Structure formats: structure tokens, C-alpha cells
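Q: Sharing a structure below in C-alpha cells format, with a few things to ask.
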Amino acid sequence: MTKTEKVYNLLKADYPDAKCGLDYRTPFQLLISTILSAQATDKSVNNVTKELYQQYPDLESFLTLSQGEIEEKIKKIGIYRNKAKNIYNMLRILKEKYNGEVPKSMEELMSLPGVGRKTASVVLVEGFNIPAFPVDTHVFRVTKRIGIAKGSTTDKVSDEMMKKLPKYKWHLMHHLLITHGRAICTARSPKCEECSLKAMCNYGKKMVKNKL
Ligand code: SF4
């Protein structure tokens, strides 16, 4: 069994309930929430979208909002001006170019304002069950520390992970790594001594050895 497969199995046992932290009901809402989640916590996004999606549940209702009104409604989330501008422009592209539907290809999603590969991957895998491997800051950090990815960018790490695991494991592995990154392998002070991966983790082995 490969190291990556072992990591998958151990994390699966640690986090049997790992799943997307964003609250949404449709691919459209998922797209909006994922754009809002850049440099913001899922919790802060959910706090804002709970009321927002009650009042504006779909594209048609969102289209009634001016850019300033979108800003006002999302201002509790980081970099809200930029996000409001992207969302305002994106809504019109969805309406005019995609008949009001969220597109289902990486290329089309990435052509939308404010949508990079990570956001597009989340929408594909989470919203449409189309295999993709989103790499956010947690996935990037944790895979590099363990030593199952070497790439210098999130795109390269995504490519590596897709090569190392069968397609049906991509979605869950993405959530497992995020959950682990939040709970144990945190950015500033990873809890290596209590981590189930410490015997196989490059970074963890060094940390535990230095303490002996
Ligand atoms: S051993 Fe430490 S660095 Fe490695 S995955 Fe666990 S917490 Fe992260």
C-alpha cells in the first residue's frame, strides 16, 4: 500500500464524518459560498449566507441586487469589495452565456470572475460529483508536511494527488486533509505528538525526534 493510501485510511478512521463545511442547497449557492470563502472561514461565510440565501436563493433573485447591495450584504466577510464585484459580474455571465446555469467544466468555471482552480474544483466535486481535487491552504500545508506532495503551487499539488489516488477517493481525501489541517496539523502549532500520522510524516518525525 502506498504512503498516500495509508494516510487516507488513517485519516478516514480519525474523521468518519469529514465533509464540506459550507452550507448550501444548490450548485449556484455552492459557487457563491466558495467564492466568499477565499481567505475567510466557512463559519463566517455560513453566518452571512444563512440569511442571504433565504432572501436571495437563486440567480434570478441575485440579479436584482446592485454591486453596492451585494457589498453591504457580505461586508462581514474578508475582501468583500472585490468579492462583490466578481459576484456581480459573474451573475450576468451565468445569465447571458450559460442560460442561468452553473457550468460543469473546469475550463468554463475558471473563465468566471473570481473563480480559480480551487473554487472550480470544489464546485465540480461538491456540486456535481465530477471528480476533482481542490487544494486549499490546509491541503497544501498538510500534504507537504507529510511528504505525499512536493509541488510548489496548489495546482501542482492537486495534479500530484490526483495521480496518487484513484478518482473515487479524491473527494473524501480533500475533506480529510482539510479536517486534519484544522484540528491537528494547524499552520502555527501542529500537534504532532497526538497525530495518528506521526510515524509516517516527514515533518512529524523530525518534530518528535527533536523533543527526545
Ligand atoms: S505529524 Fe505533525 S506535521 Fe505531520 S501531519 Fe501530523 S500534525 Fe501534521
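FYI, nothing fancy with the C-alpha cells labels: chains A, B, ... in order, residues from 1 per chain, ligands from 1 as they appear.
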Find the residues near ligand 1. Use a cut-off of 7 Å, count only C-alpha atoms and all ligand atoms, and write them as a PyMOL selection string.

A: chain A and resi 142+145-146+184-185+190-193+195-198+201-205

Q: Produce a file of the selected residues containing C-alpha atoms, as a PDB file, in the first residue's frame.

A:
```
ATOM      1  CA  VAL A 142      -0.618  19.062   5.300  1.00  0.00           C
ATOM      2  CA  ARG A 145       4.461  18.231   5.703  1.00  0.00           C
ATOM      3  CA  ILE A 146       3.559  14.557   5.468  1.00  0.00           C
ATOM      4  CA  ILE A 184      -4.385  18.754  14.438  1.00  0.00           C
ATOM      5  CA  CYS A 185      -1.963  19.842  11.721  1.00  0.00           C
ATOM      6  CA  PRO A 190       0.808  21.261  14.668  1.00  0.00           C
ATOM      7  CA  LYS A 191       0.024  18.749  17.433  1.00  0.00           C
ATOM      8  CA  CYS A 192       2.420  16.103  16.121  1.00  0.00           C
ATOM      9  CA  GLU A 193       2.560  14.073  19.312  1.00  0.00           C
ATOM     10  CA  CYS A 195      -1.304  12.878  15.419  1.00  0.00           C
ATOM     11  CA  SER A 196      -2.096   9.436  14.008  1.00  0.00           C
ATOM     12  CA  LEU A 197       0.278  10.143  11.095  1.00  0.00           C
ATOM     13  CA  LYS A 198       3.389  10.979  13.119  1.00  0.00           C
ATOM     14  CA  CYS A 201       5.062  12.099   8.436  1.00  0.00           C
ATOM     15  CA  ASN A 202       8.338  13.727   7.361  1.00  0.00           C
ATOM     16  CA  TYR A 203       7.728  16.843   9.432  1.00  0.00           C
ATOM     17  CA  GLY A 204       6.248  14.972  12.401  1.00  0.00           C
ATOM     18  CA  LYS A 205       9.171  12.524  12.632  1.00  0.00           C
TER      19      LYS A 205
END
```

Q: So that I can check the surroundings of Ile77 of chain A, please list as a list in words every protein, DNA and RNA residue that reaches within 10 Å of it, counting only C-alpha atoms and ignoring chain neighbours fewer than 5 positions away.

A: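 Once the adjacent positions are removed, what remains is Leu36, Ser37, Ala38, Gln39, Ala40, Thr41, Ser44, Val45, Asn47, Val48, Glu71 and Lys83 of chain A.
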
Q: Export C-alpha atoms of the chosen residues as a CSV table (one decimal), in the first residue's frame?

A:
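New file result08.csv:
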```csv
chain,number,residue,atom,x,y,z
A,36,LEU,CA,-16.9,34.1,-0.5
A,37,SER,CA,-14.8,31.5,1.4
A,38,ALA,CA,-11.5,32.8,0.0
A,39,GLN,CA,-9.4,34.0,2.9
A,40,ALA,CA,-12.4,33.5,5.2
A,41,THR,CA,-13.7,30.7,7.5
A,44,SER,CA,-18.1,33.3,8.8
A,45,VAL,CA,-19.5,32.5,5.3
A,47,ASN,CA,-23.3,33.2,9.1
A,48,VAL,CA,-23.7,35.6,6.2
A,71,GLU,CA,-21.2,44.6,-0.8
A,83,LYS,CA,-15.8,39.5,-4.0
```

Q: Which one is closest to Leu30 of chain A: A:Thr64, A:Thr119, A:Asn210, A:Ser111? Count only C-alpha atoms.

A: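 Among the listed residues, the smallest separation from Leu30 of chain A belongs to A:Thr119.
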
Q: Do a neighbour search on Glu160 of chain A at 10 Å with only C-alpha atoms, toss out local chain neighbours closer than 3 positions, and write the hits as a list in words.

A: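 Those residues are Phe133, Ile148, Ala149, Lys150, Gly151, Thr154, Asp155, Lys156, Val157, Lys163, Lys164 and Leu165 of chain A.
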
Q: Quick one: write out the picked residues with N, CA, C and O atoms as an mmCIF file, in the first residue's frame?

A:
```
data_model
loop_
_atom_site.group_PDB
_atom_site.id
_atom_site.type_symbol
_atom_site.label_atom_id
_atom_site.label_comp_id
_atom_site.auth_asym_id
_atom_site.auth_seq_id
_atom_site.Cartn_x
_atom_site.Cartn_y
_atom_site.Cartn_z
ATOM 1 N N PHE A 133 -9.762 17.534 -7.487
ATOM 2 C CA PHE A 133 -9.070 17.527 -6.195
ATOM 3 C C PHE A 133 -8.744 18.973 -5.803
ATOM 4 O O PHE A 133 -7.675 19.487 -6.129
ATOM 5 N N ILE A 148 3.635 13.657 1.046
ATOM 6 C CA ILE A 148 2.945 12.953 -0.041
ATOM 7 C C ILE A 148 2.760 13.864 -1.259
ATOM 8 O O ILE A 148 2.219 13.460 -2.272
ATOM 9 N N ALA A 149 3.199 15.108 -1.138
ATOM 10 C CA ALA A 149 3.209 16.013 -2.296
ATOM 11 C C ALA A 149 4.422 16.921 -2.178
ATOM 12 O O ALA A 149 4.852 17.251 -1.077
ATOM 13 N N LYS A 150 4.945 17.297 -3.336
ATOM 14 C CA LYS A 150 6.157 18.128 -3.336
ATOM 15 C C LYS A 150 5.959 19.445 -4.066
ATOM 16 O O LYS A 150 6.769 20.353 -3.970
ATOM 17 N N GLY A 151 4.911 19.549 -4.835
ATOM 18 C CA GLY A 151 4.696 20.699 -5.719
ATOM 19 C C GLY A 151 4.785 22.039 -5.008
ATOM 20 O O GLY A 151 4.398 22.156 -3.843
ATOM 21 N N THR A 154 -0.386 25.196 -5.485
ATOM 22 C CA THR A 154 -1.572 24.379 -5.204
ATOM 23 C C THR A 154 -1.982 23.573 -6.446
ATOM 24 O O THR A 154 -2.445 22.444 -6.316
ATOM 25 N N ASP A 155 -1.787 24.126 -7.616
ATOM 26 C CA ASP A 155 -2.137 23.386 -8.841
ATOM 27 C C ASP A 155 -1.268 22.138 -8.994
ATOM 28 O O ASP A 155 -1.748 21.062 -9.364
ATOM 29 N N LYS A 156 0.024 22.295 -8.691
ATOM 30 C CA LYS A 156 0.923 21.139 -8.814
ATOM 31 C C LYS A 156 0.569 20.066 -7.784
ATOM 32 O O LYS A 156 0.593 18.872 -8.074
ATOM 33 N N VAL A 157 0.233 20.499 -6.574
ATOM 34 C CA VAL A 157 -0.145 19.528 -5.534
ATOM 35 C C VAL A 157 -1.441 18.809 -5.941
ATOM 36 O O VAL A 157 -1.581 17.597 -5.763
ATOM 37 N N LYS A 163 -2.833 11.924 -9.209
ATOM 38 C CA LYS A 163 -2.080 10.784 -9.745
ATOM 39 C C LYS A 163 -1.922 9.690 -8.688
ATOM 40 O O LYS A 163 -1.804 8.520 -9.005
ATOM 41 N N LYS A 164 -1.890 10.096 -7.433
ATOM 42 C CA LYS A 164 -1.581 9.137 -6.369
ATOM 43 C C LYS A 164 -2.782 8.365 -5.822
ATOM 44 O O LYS A 164 -2.604 7.370 -5.132
ATOM 45 N N LEU A 165 -3.966 8.863 -6.089
ATOM 46 C CA LEU A 165 -5.162 8.185 -5.561
ATOM 47 C C LEU A 165 -6.158 7.917 -6.678
ATOM 48 O O LEU A 165 -6.259 8.707 -7.627
#
```

Q: Just want the 10 Å neighbourhood of Lys169 of chain A, counted on only C-alpha atoms, with same-chain residues fewer than 5 positions away dropped. Output as a list in words.

A: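 The residues satisfying every condition are Glu5, Tyr8, Pro131, Ala132, Phe133, Met162, Lys164 and His174 of chain A.
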
Q: Of the candidates A:Lys73, A:Thr4, A:Ala183, A:Ile35, which one gets nearest to Glu51 of chain A if we count only C-alpha atoms?

A: A:Lys73

Q: So how far away is atom CA of Leu59 of chain A from atom CA of Tyr98 of chain A, in Å?

A: 11.5 Å

Q: Could you list, as a PyMOL selection string, every residue within 7 Å of segment 84-92 of chain A, counting only C-alpha atoms and ignoring same-chain residues fewer than 5 positions away?

A: chain A and resi 59+63+67+70-71+112-114

Q: Determine the nearest neighbour of Phe62 of chain A from the options A:Lys95, A:Lys75, A:His180, A:Lys144, counting only C-alpha atoms.

A: A:Lys95

Q: Could you tell me which of A:Ala187, A:Met200, A:Leu65, A:Val139 comes closest to Trp170 of chain A if we count only C-alpha atoms?

A: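 Ranking A:Ala187, A:Met200, A:Leu65, A:Val139 by distance to Trp170 of chain A, first place goes to A:Val139.
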
Q: Please determine, counting only C-alpha atoms, which residue among A:Phe140, A:His175, A:Arg81, A:Leu22 has the shortest atom-to-atom distance to Glu69 of chain A.

A: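 Closest residue, counting only C-alpha atoms: A:Arg81.
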
Q: Asp42 of chain A: which residues within 10 Å, counting only C-alpha atoms, same-chain residues fewer than 6 positions away excluded, as a CSV table (one decimal) with N, CA, C and O atoms, in the first residue's frame?

A:
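Saved as selection.csv:
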```csv
chain,number,residue,atom,x,y,z
A,20,CYS,N,-17.9,18.8,3.5
A,20,CYS,CA,-17.8,20.2,3.2
A,20,CYS,C,-18.4,21.0,4.4
A,20,CYS,O,-19.5,20.7,4.9
A,21,GLY,N,-17.7,22.1,4.8
A,21,GLY,CA,-18.1,22.9,5.9
A,21,GLY,C,-19.1,24.0,5.5
A,21,GLY,O,-19.6,24.8,6.3
A,22,LEU,N,-19.3,24.2,4.2
A,22,LEU,CA,-20.1,25.3,3.7
A,22,LEU,C,-21.6,24.8,3.6
A,22,LEU,O,-21.9,23.7,3.2
A,23,ASP,N,-22.5,25.7,4.0
A,23,ASP,CA,-23.9,25.4,3.9
A,23,ASP,C,-24.5,25.9,2.6
A,23,ASP,O,-24.3,27.1,2.3
A,33,SER,N,-20.9,30.6,-2.3
A,33,SER,CA,-20.3,30.4,-1.0
A,33,SER,C,-18.8,30.1,-1.1
A,33,SER,O,-18.0,30.6,-0.3
A,34,THR,N,-18.4,29.4,-2.2
A,34,THR,CA,-17.0,29.1,-2.3
A,34,THR,C,-16.2,30.3,-2.7
A,34,THR,O,-15.1,30.5,-2.2
A,36,LEU,N,-17.0,33.3,-1.7
A,36,LEU,CA,-16.9,34.1,-0.5
A,36,LEU,C,-15.9,33.5,0.5
A,36,LEU,O,-15.4,34.2,1.4
```

Q: When DSSP is applied to the backbone of this structure, which of segment 16-206 of chain A are assigned alpha helix (DSSP H)? Write them out as a ChimeraX atom specification.

A: /A:27-36,42-55,59-62,67-74,80-97,106-110,117-122,137-146,154-164,167-183,202-206

Q: For each of A:Val115, A:Ala18, A:Ala199, A:Leu31, take the minimum atom-to-atom distance to Thr179 of chain A, counting only C-alpha atoms, then give the residue where this is smallest.

A: A:Ala18
